[in-house]
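Source file: start39.cif (mmCIF, C-alpha atoms)
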data_work
loop_
_atom_site.label_atom_id
_atom_site.label_comp_id
_atom_site.auth_asym_id
_atom_site.auth_seq_id
_atom_site.Cartn_x
_atom_site.Cartn_y
_atom_site.Cartn_z
CA MET A 1290 0.00 0.00 0.00
CA PRO A 1291 1.46 3.40 -0.95
CA LYS A 1292 2.32 5.72 1.88
CA GLN A 1293 -0.22 8.50 2.44
CA LYS A 1294 0.81 12.01 1.50
CA LEU A 1295 0.95 14.33 4.48
CA ALA A 1296 -0.02 17.99 4.55
CA ARG A 1297 1.17 20.54 7.07
CA ILE A 1298 -1.28 22.85 8.84
CA SER A 1299 -0.89 25.47 11.53
CA ILE A 1300 -3.40 26.11 14.29
CA THR A 1301 -3.64 28.59 17.12
CA VAL A 1302 -5.18 27.47 20.40
CA PRO A 1303 -5.45 28.93 23.90
CA GLU A 1304 -2.56 27.99 26.17
CA THR A 1305 -4.88 26.14 28.54
CA THR A 1306 -6.05 23.97 25.64
CA LEU A 1307 -2.46 23.29 24.64
CA HIS A 1308 -1.52 22.28 28.21
CA ALA A 1309 -4.56 19.99 28.44
CA MET A 1310 -3.67 18.39 25.11
CA ASP A 1311 -0.04 17.91 26.14
CA GLN A 1312 -1.27 16.16 29.30
CA LYS A 1313 -3.43 13.83 27.15
CA ILE A 1314 -0.46 13.12 24.89
CA VAL A 1315 1.52 11.93 27.90
CA GLU A 1316 -1.39 9.97 29.43
CA GLN A 1317 -2.34 8.23 26.19
CA HIS A 1318 1.25 7.69 25.00
CA TYR A 1319 0.97 9.55 21.71
CA GLU A 1320 4.26 10.06 19.94
CA SER A 1321 3.50 13.65 19.00
CA ARG A 1322 0.94 16.45 19.02
CA SER A 1323 0.30 15.73 15.35
CA GLN A 1324 -0.59 12.12 16.08
CA ALA A 1325 -2.97 13.18 18.86
CA ILE A 1326 -4.67 15.81 16.71
CA VAL A 1327 -5.09 13.39 13.78
CA ASP A 1328 -6.63 10.86 16.17
CA MET A 1329 -9.07 13.49 17.52
CA ILE A 1330 -10.06 14.54 14.01
CA ASN A 1331 -10.59 10.91 12.96
CA ARG A 1332 -12.80 10.28 16.00
CA HIS A 1333 -14.86 13.34 15.09
CA LEU A 1334 -15.22 12.11 11.50
CA ILE A 1335 -16.31 8.67 12.72
CA ASP A 1336 -18.93 10.29 14.95
CA ASP A 1337 -20.23 12.15 11.89
CA LEU A 1338 -20.54 8.86 9.95
CA VAL A 1339 -22.50 7.38 12.87
CA ILE A 1340 -24.87 10.35 12.86
CA ARG A 1341 -25.42 9.90 9.10
CA ASP A 1342 -26.08 6.16 9.67
CA GLU A 1343 -23.39 5.09 7.21
CA VAL A 1344 -22.34 1.47 6.67
CA MET A 1345 -19.41 0.83 8.96
CA VAL A 1346 -17.36 -2.02 10.34
CA GLY A 1347 -17.15 -2.58 14.08
CA THR A 1348 -16.22 -4.91 16.86
CA LEU A 1349 -18.51 -5.86 19.69
CA THR A 1350 -16.60 -7.06 22.73
CA LEU A 1351 -18.51 -8.97 25.41
CA LEU A 1352 -17.44 -10.33 28.76
CA TYR A 1353 -19.91 -12.85 30.14
CA ASP A 1354 -20.52 -15.45 32.82
CA VAL A 1355 -20.16 -18.95 31.37
CA SER A 1356 -22.14 -20.55 34.22
CA LEU A 1357 -25.46 -19.22 32.91
CA LYS A 1358 -26.40 -22.01 30.47
CA PRO A 1359 -29.27 -20.19 28.70
CA LEU A 1360 -26.91 -17.32 27.85
CA ARG A 1361 -24.83 -19.36 25.41
CA SER A 1362 -27.86 -20.40 23.37
CA GLN A 1363 -29.22 -16.84 23.47
CA LEU A 1364 -25.91 -15.53 22.11
CA VAL A 1365 -25.93 -18.12 19.30
CA ASP A 1366 -29.59 -17.36 18.50
CA LEU A 1367 -28.85 -13.62 18.24
CA GLN A 1368 -25.84 -14.25 16.02
CA GLN A 1369 -27.98 -16.38 13.72
CA GLN A 1370 -30.71 -13.74 13.71
CA TYR A 1371 -28.16 -11.16 12.53
CA LEU A 1372 -26.15 -13.37 10.20
CA ALA A 1373 -25.82 -10.58 7.61
CA GLN A 1374 -24.22 -8.21 10.16
CA VAL A 1375 -22.17 -10.60 12.36
CA ILE A 1376 -19.26 -11.58 10.13
CA ASN A 1377 -17.17 -13.57 12.59
CA SER A 1378 -16.85 -14.30 16.29
CA LEU A 1379 -14.00 -15.29 18.59
CA HIS A 1380 -14.45 -16.80 22.07
CA ILE A 1381 -11.71 -16.91 24.69
CA GLN A 1382 -12.15 -18.72 28.01
CA LEU A 1383 -10.53 -16.36 30.52
CA ASP A 1384 -11.08 -18.46 33.62
CA ASP A 1385 -13.60 -20.96 35.02
CA GLU A 1386 -16.37 -18.37 35.03
CA LYS A 1387 -15.72 -15.80 32.30
CA ILE A 1388 -15.61 -15.79 28.51
CA LEU A 1389 -14.44 -12.91 26.34
CA GLN A 1390 -16.21 -12.80 22.98
CA VAL A 1391 -15.29 -10.47 20.14
CA MET A 1392 -17.59 -10.17 17.13
CA LEU A 1393 -16.69 -8.54 13.84
CA MET A 1394 -19.75 -6.77 12.45
CA GLN A 1395 -20.66 -4.66 9.44
CA GLY A 1396 -23.78 -2.68 8.61
CA ALA A 1397 -25.53 0.64 9.08
CA SER A 1398 -24.28 2.24 12.29
CA SER A 1399 -27.79 2.38 13.79
CA ASP A 1400 -28.27 -1.34 13.11
CA LEU A 1401 -24.94 -2.23 14.70
CA LYS A 1402 -25.76 -0.14 17.77
CA GLU A 1403 -29.20 -1.75 18.10
CA ILE A 1404 -27.83 -5.28 17.63
CA SER A 1405 -25.05 -4.61 20.15
CA GLU A 1406 -27.53 -3.35 22.72
CA GLN A 1407 -29.46 -6.63 22.40
CA PHE A 1408 -26.31 -8.65 23.10
CA ILE A 1409 -25.22 -6.42 25.99
CA ALA A 1410 -28.68 -6.56 27.61
CA LEU A 1411 -28.65 -10.35 27.95
CA LYS A 1412 -28.63 -11.62 31.53
CA GLY A 1413 -25.11 -12.80 32.34
CA VAL A 1414 -23.27 -10.30 30.15
CA ILE A 1415 -20.94 -8.48 32.52
CA LYS A 1416 -19.61 -5.87 30.09
CA GLY A 1417 -20.07 -4.98 26.46
CA HIS A 1418 -18.63 -2.37 24.13
CA LEU A 1419 -19.15 -1.56 20.45
CA GLU A 1420 -16.30 0.14 18.60
CA LEU A 1421 -17.19 1.52 15.16
CA MET A 1422 -14.63 2.35 12.48
CA ASP A 1423 -14.75 4.49 9.37
CA THR A 1424 -14.21 1.68 6.90
CA VAL A 1425 -16.02 -1.25 5.35
CA MET A 1426 -14.88 -4.70 4.37
CA PRO A 1427 -14.85 -5.77 0.74
CA PRO A 1428 -17.74 -8.03 -0.28
CA ILE A 1429 -17.24 -11.65 0.72
CA PRO A 1430 -17.16 -13.66 -2.57
CA GLN A 1431 -19.44 -16.48 -1.42
CA ASN A 1432 -22.07 -13.87 -0.43
CA THR A 1433 -22.01 -12.05 -3.76
CA GLU A 1434 -22.12 -15.11 -6.08
CA HIS A 1435 -25.83 -15.78 -5.40
CA THR A 1436 -27.15 -12.22 -5.80
#
Would you mind writing the file out in structure tokens?
Amino acid sequence: MPKQKLARISITVPETTLHAMDQKIVEQHYESRSQAIVDMINRHLIDDLVIRDEVMVGTLTLLYDVSLKPLRSQLVDLQQQYLAQVINSLHIQLDDEKILQVMLMQGASSDLKEISEQFIALKGVIKGHLELMDTVMPPIPQNTEHT
């Protein structure tokens, strides 16, 4: 992949804003102010895509209690219900009681948020988080052959 061309800009900000940003750079281990600012801009652009309900790719991360037997079948049922949006899933047994599940999803941002809320609301889910990104996956060949 060719390296992206970079453009230089200059901005003027209040000193208090600059000090706050420098603190964030240290806390979040950015390499530079430029890297931090690009990250902030990208997050803002992603938020705009979410507002416009664009098709996006995302990961849903769940931490759940393995001892609740109905939960596993409910998770599988939901994945089957949303087969078009849930692309793949990975399960990791963390200990005797907890499983970490990460699902790769793609679809309209509002659909992904609604689907994620259904997973997170299941009894036995300890934590859940949806992370949306400003990209989409290429069509999966076996899904496009029959259309």
Please tabulate, as a Markdown table, the residues of region 1333-1423 of chain A that come within 10 Å of region 1311-1329 of chain A, each with its closest pair of atoms and the distance in Å to one decimal, counting only C-alpha atoms and ordering rows by chain, then residue number upward.
| residue | atom | partner | partner_atom | distance |
| --- | --- | --- | --- | --- |
| A:His1333 | CA | A:Met1329 | CA | 6.3 |
| A:Leu1334 | CA | A:Met1329 | CA | 8.7 |
| A:Ile1335 | CA | A:Met1329 | CA | 9.9 |
Residues as selected, C-alpha atoms, written as a PDB file, keeping the file's coordinate frame, can you do that?
ATOM      1  CA  HIS A1333     -14.860  13.340  15.090  1.00  0.00           C
ATOM      2  CA  LEU A1334     -15.220  12.110  11.500  1.00  0.00           C
ATOM      3  CA  ILE A1335     -16.310   8.670  12.720  1.00  0.00           C
TER       4      ILE A1335
END
Interatomic distance, CA of Leu1295 (chain A) to CA of Ile1340 (chain A) (Å, one decimal) =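 It comes out at 27.4 Å.
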Selection under test: the PyMOL selection byres ((chain A and resi 1344) around 8); residues as a list in words |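 With the PyMOL selection byres ((chain A and resi 1344) around 8) on this model, the match is Asp1342, Glu1343, Met1345, Val1346, Gln1395, Gly1396, Ala1397, Ser1398 and Val1425 of chain A.
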Would you be able to write out as a VMD selection string which residues have an atom within 9 Å of (-23.3, -3.5, 25.3) in the file's coordinates, counting all atoms listed in the file?
-> chain A and resid 1349 to 1351 1402 1405 to 1410 1414 1416 to 1419
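Our summary of the geometry notes that CA of Gln1390 (chain A) is positioned 18.5 Å from CA of Met1422 (chain A).
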What is the distance between CA of Ile1388 (chain A) and CA of Val1355 (chain A), in Å to one decimal?
->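 Computed distance, CA of Ile1388 (chain A) to CA of Val1355 (chain A), equals 6.2 Å.
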Determine the nearest neighbour of Glu1420 (chain A) from the options A:Ser1356, A:Thr1348, A:Gln1382, A:Ser1299, counting only C-alpha atoms.
-> A:Thr1348
Written as a VMD selection string, what is the full residue list that the PyMOL selection byres ((chain A and resi 1374-1378) around 6) yields on the file shown?
-> chain A and resid 1371 to 1373 1379 1391 to 1396
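Minimum atom-to-atom distances from A:Gly1347, A:Gly1413, A:Thr1424, A:Leu1360 to Asp1400 (chain A) were compared using all atoms listed in the file, and the lowest value belongs to A:Gly1347.
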Give the answer as one residue: which of A:Glu1304, A:Asp1423, A:Asp1336, A:Glu1386 has the shortest atom-to-atom distance to Leu1352 (chain A), using all atoms listed in the file?
->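 Among the listed residues, the smallest separation from Leu1352 (chain A) belongs to A:Glu1386.
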If you count all atoms listed in the file, which residues fall within 12 Å of Lys1358 (chain A), apart from same-chain ones fewer than 4 positions away, as a PyMOL selection string?
-> chain A and resi 1353-1354+1362-1365+1386+1412-1413
Give the centre and edge lengths of an axis-aligned box, in Å to one decimal, that holds all listed atoms of region 1413-1425 of chain A with 3 Å on each side, as lines of an AutoDock Vina configuration file.
center_x = -19.7
center_y = -4.2
center_z = 18.9
size_x = 16.9
size_y = 23.3
size_z = 33.2
Kindly reconstruct region 1401-1412 of chain A with all heavy atoms and present the result as a PDB file, keeping the file's coordinate frame.
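Wrote it out as out26.pdb, contents follow:
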ATOM      1  N   LEU A1401     -25.990  -1.648  13.859  1.00  0.00           N
ATOM      2  CA  LEU A1401     -24.940  -2.230  14.700  1.00  0.00           C
ATOM      3  C   LEU A1401     -25.122  -1.828  16.153  1.00  0.00           C
ATOM      4  O   LEU A1401     -24.920  -2.643  17.055  1.00  0.00           O
ATOM      5  CB  LEU A1401     -23.555  -1.835  14.192  1.00  0.00           C
ATOM      6  CG  LEU A1401     -23.190  -2.312  12.784  1.00  0.00           C
ATOM      7  CD1 LEU A1401     -21.756  -1.927  12.449  1.00  0.00           C
ATOM      8  CD2 LEU A1401     -23.418  -3.796  12.618  1.00  0.00           C
ATOM      9  N   LYS A1402     -25.525  -0.582  16.387  1.00  0.00           N
ATOM     10  CA  LYS A1402     -25.760  -0.140  17.770  1.00  0.00           C
ATOM     11  C   LYS A1402     -26.941  -0.900  18.372  1.00  0.00           C
ATOM     12  O   LYS A1402     -26.869  -1.365  19.518  1.00  0.00           O
ATOM     13  CB  LYS A1402     -26.015   1.367  17.793  1.00  0.00           C
ATOM     14  CG  LYS A1402     -24.736   2.179  17.548  1.00  0.00           C
ATOM     15  CD  LYS A1402     -25.011   3.593  17.158  1.00  0.00           C
ATOM     16  CE  LYS A1402     -25.238   4.512  18.311  1.00  0.00           C
ATOM     17  NZ  LYS A1402     -25.365   5.927  17.889  1.00  0.00           N
ATOM     18  N   GLU A1403     -28.021  -1.047  17.601  1.00  0.00           N
ATOM     19  CA  GLU A1403     -29.200  -1.750  18.100  1.00  0.00           C
ATOM     20  C   GLU A1403     -28.909  -3.232  18.371  1.00  0.00           C
ATOM     21  O   GLU A1403     -29.295  -3.776  19.411  1.00  0.00           O
ATOM     22  CB  GLU A1403     -30.336  -1.635  17.076  1.00  0.00           C
ATOM     23  CG  GLU A1403     -31.634  -2.273  17.526  1.00  0.00           C
ATOM     24  CD  GLU A1403     -32.718  -2.124  16.477  1.00  0.00           C
ATOM     25  OE1 GLU A1403     -32.875  -1.023  15.919  1.00  0.00           O
ATOM     26  OE2 GLU A1403     -33.412  -3.140  16.235  1.00  0.00           O
ATOM     27  N   ILE A1404     -28.204  -3.874  17.454  1.00  0.00           N
ATOM     28  CA  ILE A1404     -27.830  -5.280  17.630  1.00  0.00           C
ATOM     29  C   ILE A1404     -26.950  -5.435  18.869  1.00  0.00           C
ATOM     30  O   ILE A1404     -27.150  -6.329  19.697  1.00  0.00           O
ATOM     31  CB  ILE A1404     -27.129  -5.816  16.371  1.00  0.00           C
ATOM     32  CG1 ILE A1404     -28.116  -5.868  15.205  1.00  0.00           C
ATOM     33  CG2 ILE A1404     -26.497  -7.173  16.623  1.00  0.00           C
ATOM     34  CD1 ILE A1404     -27.461  -6.061  13.840  1.00  0.00           C
ATOM     35  N   SER A1405     -25.967  -4.544  19.006  1.00  0.00           N
ATOM     36  CA  SER A1405     -25.050  -4.610  20.150  1.00  0.00           C
ATOM     37  C   SER A1405     -25.787  -4.457  21.470  1.00  0.00           C
ATOM     38  O   SER A1405     -25.500  -5.160  22.434  1.00  0.00           O
ATOM     39  CB  SER A1405     -23.981  -3.517  20.028  1.00  0.00           C
ATOM     40  OG  SER A1405     -23.203  -3.732  18.886  1.00  0.00           O
ATOM     41  N   GLU A1406     -26.756  -3.553  21.496  1.00  0.00           N
ATOM     42  CA  GLU A1406     -27.530  -3.350  22.720  1.00  0.00           C
ATOM     43  C   GLU A1406     -28.292  -4.623  23.106  1.00  0.00           C
ATOM     44  O   GLU A1406     -28.434  -4.937  24.289  1.00  0.00           O
ATOM     45  CB  GLU A1406     -28.494  -2.180  22.540  1.00  0.00           C
ATOM     46  CG  GLU A1406     -27.786  -0.841  22.519  1.00  0.00           C
ATOM     47  CD  GLU A1406     -28.661   0.317  22.048  1.00  0.00           C
ATOM     48  OE1 GLU A1406     -29.858   0.092  21.738  1.00  0.00           O
ATOM     49  OE2 GLU A1406     -28.141   1.450  21.971  1.00  0.00           O
ATOM     50  N   GLN A1407     -28.761  -5.375  22.113  1.00  0.00           N
ATOM     51  CA  GLN A1407     -29.460  -6.630  22.400  1.00  0.00           C
ATOM     52  C   GLN A1407     -28.520  -7.652  23.036  1.00  0.00           C
ATOM     53  O   GLN A1407     -28.890  -8.353  23.973  1.00  0.00           O
ATOM     54  CB  GLN A1407     -30.089  -7.202  21.129  1.00  0.00           C
ATOM     55  CG  GLN A1407     -31.253  -6.379  20.616  1.00  0.00           C
ATOM     56  CD  GLN A1407     -31.855  -6.983  19.370  1.00  0.00           C
ATOM     57  OE1 GLN A1407     -32.113  -8.172  19.314  1.00  0.00           O
ATOM     58  NE2 GLN A1407     -32.057  -6.138  18.363  1.00  0.00           N
ATOM     59  N   PHE A1408     -27.296  -7.743  22.512  1.00  0.00           N
ATOM     60  CA  PHE A1408     -26.310  -8.650  23.100  1.00  0.00           C
ATOM     61  C   PHE A1408     -25.954  -8.222  24.521  1.00  0.00           C
ATOM     62  O   PHE A1408     -25.933  -9.033  25.437  1.00  0.00           O
ATOM     63  CB  PHE A1408     -25.031  -8.692  22.247  1.00  0.00           C
ATOM     64  CG  PHE A1408     -25.106  -9.583  21.047  1.00  0.00           C
ATOM     65  CD1 PHE A1408     -25.348  -9.064  19.791  1.00  0.00           C
ATOM     66  CD2 PHE A1408     -24.921 -10.950  21.172  1.00  0.00           C
ATOM     67  CE1 PHE A1408     -25.401  -9.880  18.677  1.00  0.00           C
ATOM     68  CE2 PHE A1408     -24.973 -11.787  20.068  1.00  0.00           C
ATOM     69  CZ  PHE A1408     -25.218 -11.252  18.814  1.00  0.00           C
ATOM     70  N   ILE A1409     -25.668  -6.940  24.688  1.00  0.00           N
ATOM     71  CA  ILE A1409     -25.220  -6.420  25.990  1.00  0.00           C
ATOM     72  C   ILE A1409     -26.295  -6.562  27.057  1.00  0.00           C
ATOM     73  O   ILE A1409     -25.991  -6.761  28.227  1.00  0.00           O
ATOM     74  CB  ILE A1409     -24.754  -4.952  25.834  1.00  0.00           C
ATOM     75  CG1 ILE A1409     -23.485  -4.901  24.959  1.00  0.00           C
ATOM     76  CG2 ILE A1409     -24.498  -4.297  27.185  1.00  0.00           C
ATOM     77  CD1 ILE A1409     -23.097  -3.509  24.500  1.00  0.00           C
ATOM     78  N   ALA A1410     -27.568  -6.498  26.651  1.00  0.00           N
ATOM     79  CA  ALA A1410     -28.680  -6.560  27.610  1.00  0.00           C
ATOM     80  C   ALA A1410     -28.973  -7.968  28.114  1.00  0.00           C
ATOM     81  O   ALA A1410     -29.734  -8.125  29.073  1.00  0.00           O
ATOM     82  CB  ALA A1410     -29.941  -5.970  26.974  1.00  0.00           C
ATOM     83  N   LEU A1411     -28.372  -8.984  27.524  1.00  0.00           N
ATOM     84  CA  LEU A1411     -28.650 -10.350  27.950  1.00  0.00           C
ATOM     85  C   LEU A1411     -28.172 -10.580  29.386  1.00  0.00           C
ATOM     86  O   LEU A1411     -27.095 -10.122  29.770  1.00  0.00           O
ATOM     87  CB  LEU A1411     -27.980 -11.362  27.019  1.00  0.00           C
ATOM     88  CG  LEU A1411     -28.526 -11.436  25.595  1.00  0.00           C
ATOM     89  CD1 LEU A1411     -27.653 -12.346  24.741  1.00  0.00           C
ATOM     90  CD2 LEU A1411     -29.973 -11.916  25.599  1.00  0.00           C
ATOM     91  N   LYS A1412     -28.986 -11.302  30.148  1.00  0.00           N
ATOM     92  CA  LYS A1412     -28.630 -11.620  31.530  1.00  0.00           C
ATOM     93  C   LYS A1412     -27.387 -12.507  31.538  1.00  0.00           C
ATOM     94  O   LYS A1412     -27.341 -13.533  30.861  1.00  0.00           O
ATOM     95  CB  LYS A1412     -29.781 -12.346  32.236  1.00  0.00           C
ATOM     96  CG  LYS A1412     -29.492 -12.638  33.676  1.00  0.00           C
ATOM     97  CD  LYS A1412     -30.662 -13.270  34.370  1.00  0.00           C
ATOM     98  CE  LYS A1412     -30.304 -13.501  35.825  1.00  0.00           C
ATOM     99  NZ  LYS A1412     -31.383 -14.119  36.552  1.00  0.00           N
TER     100      LYS A1412
END
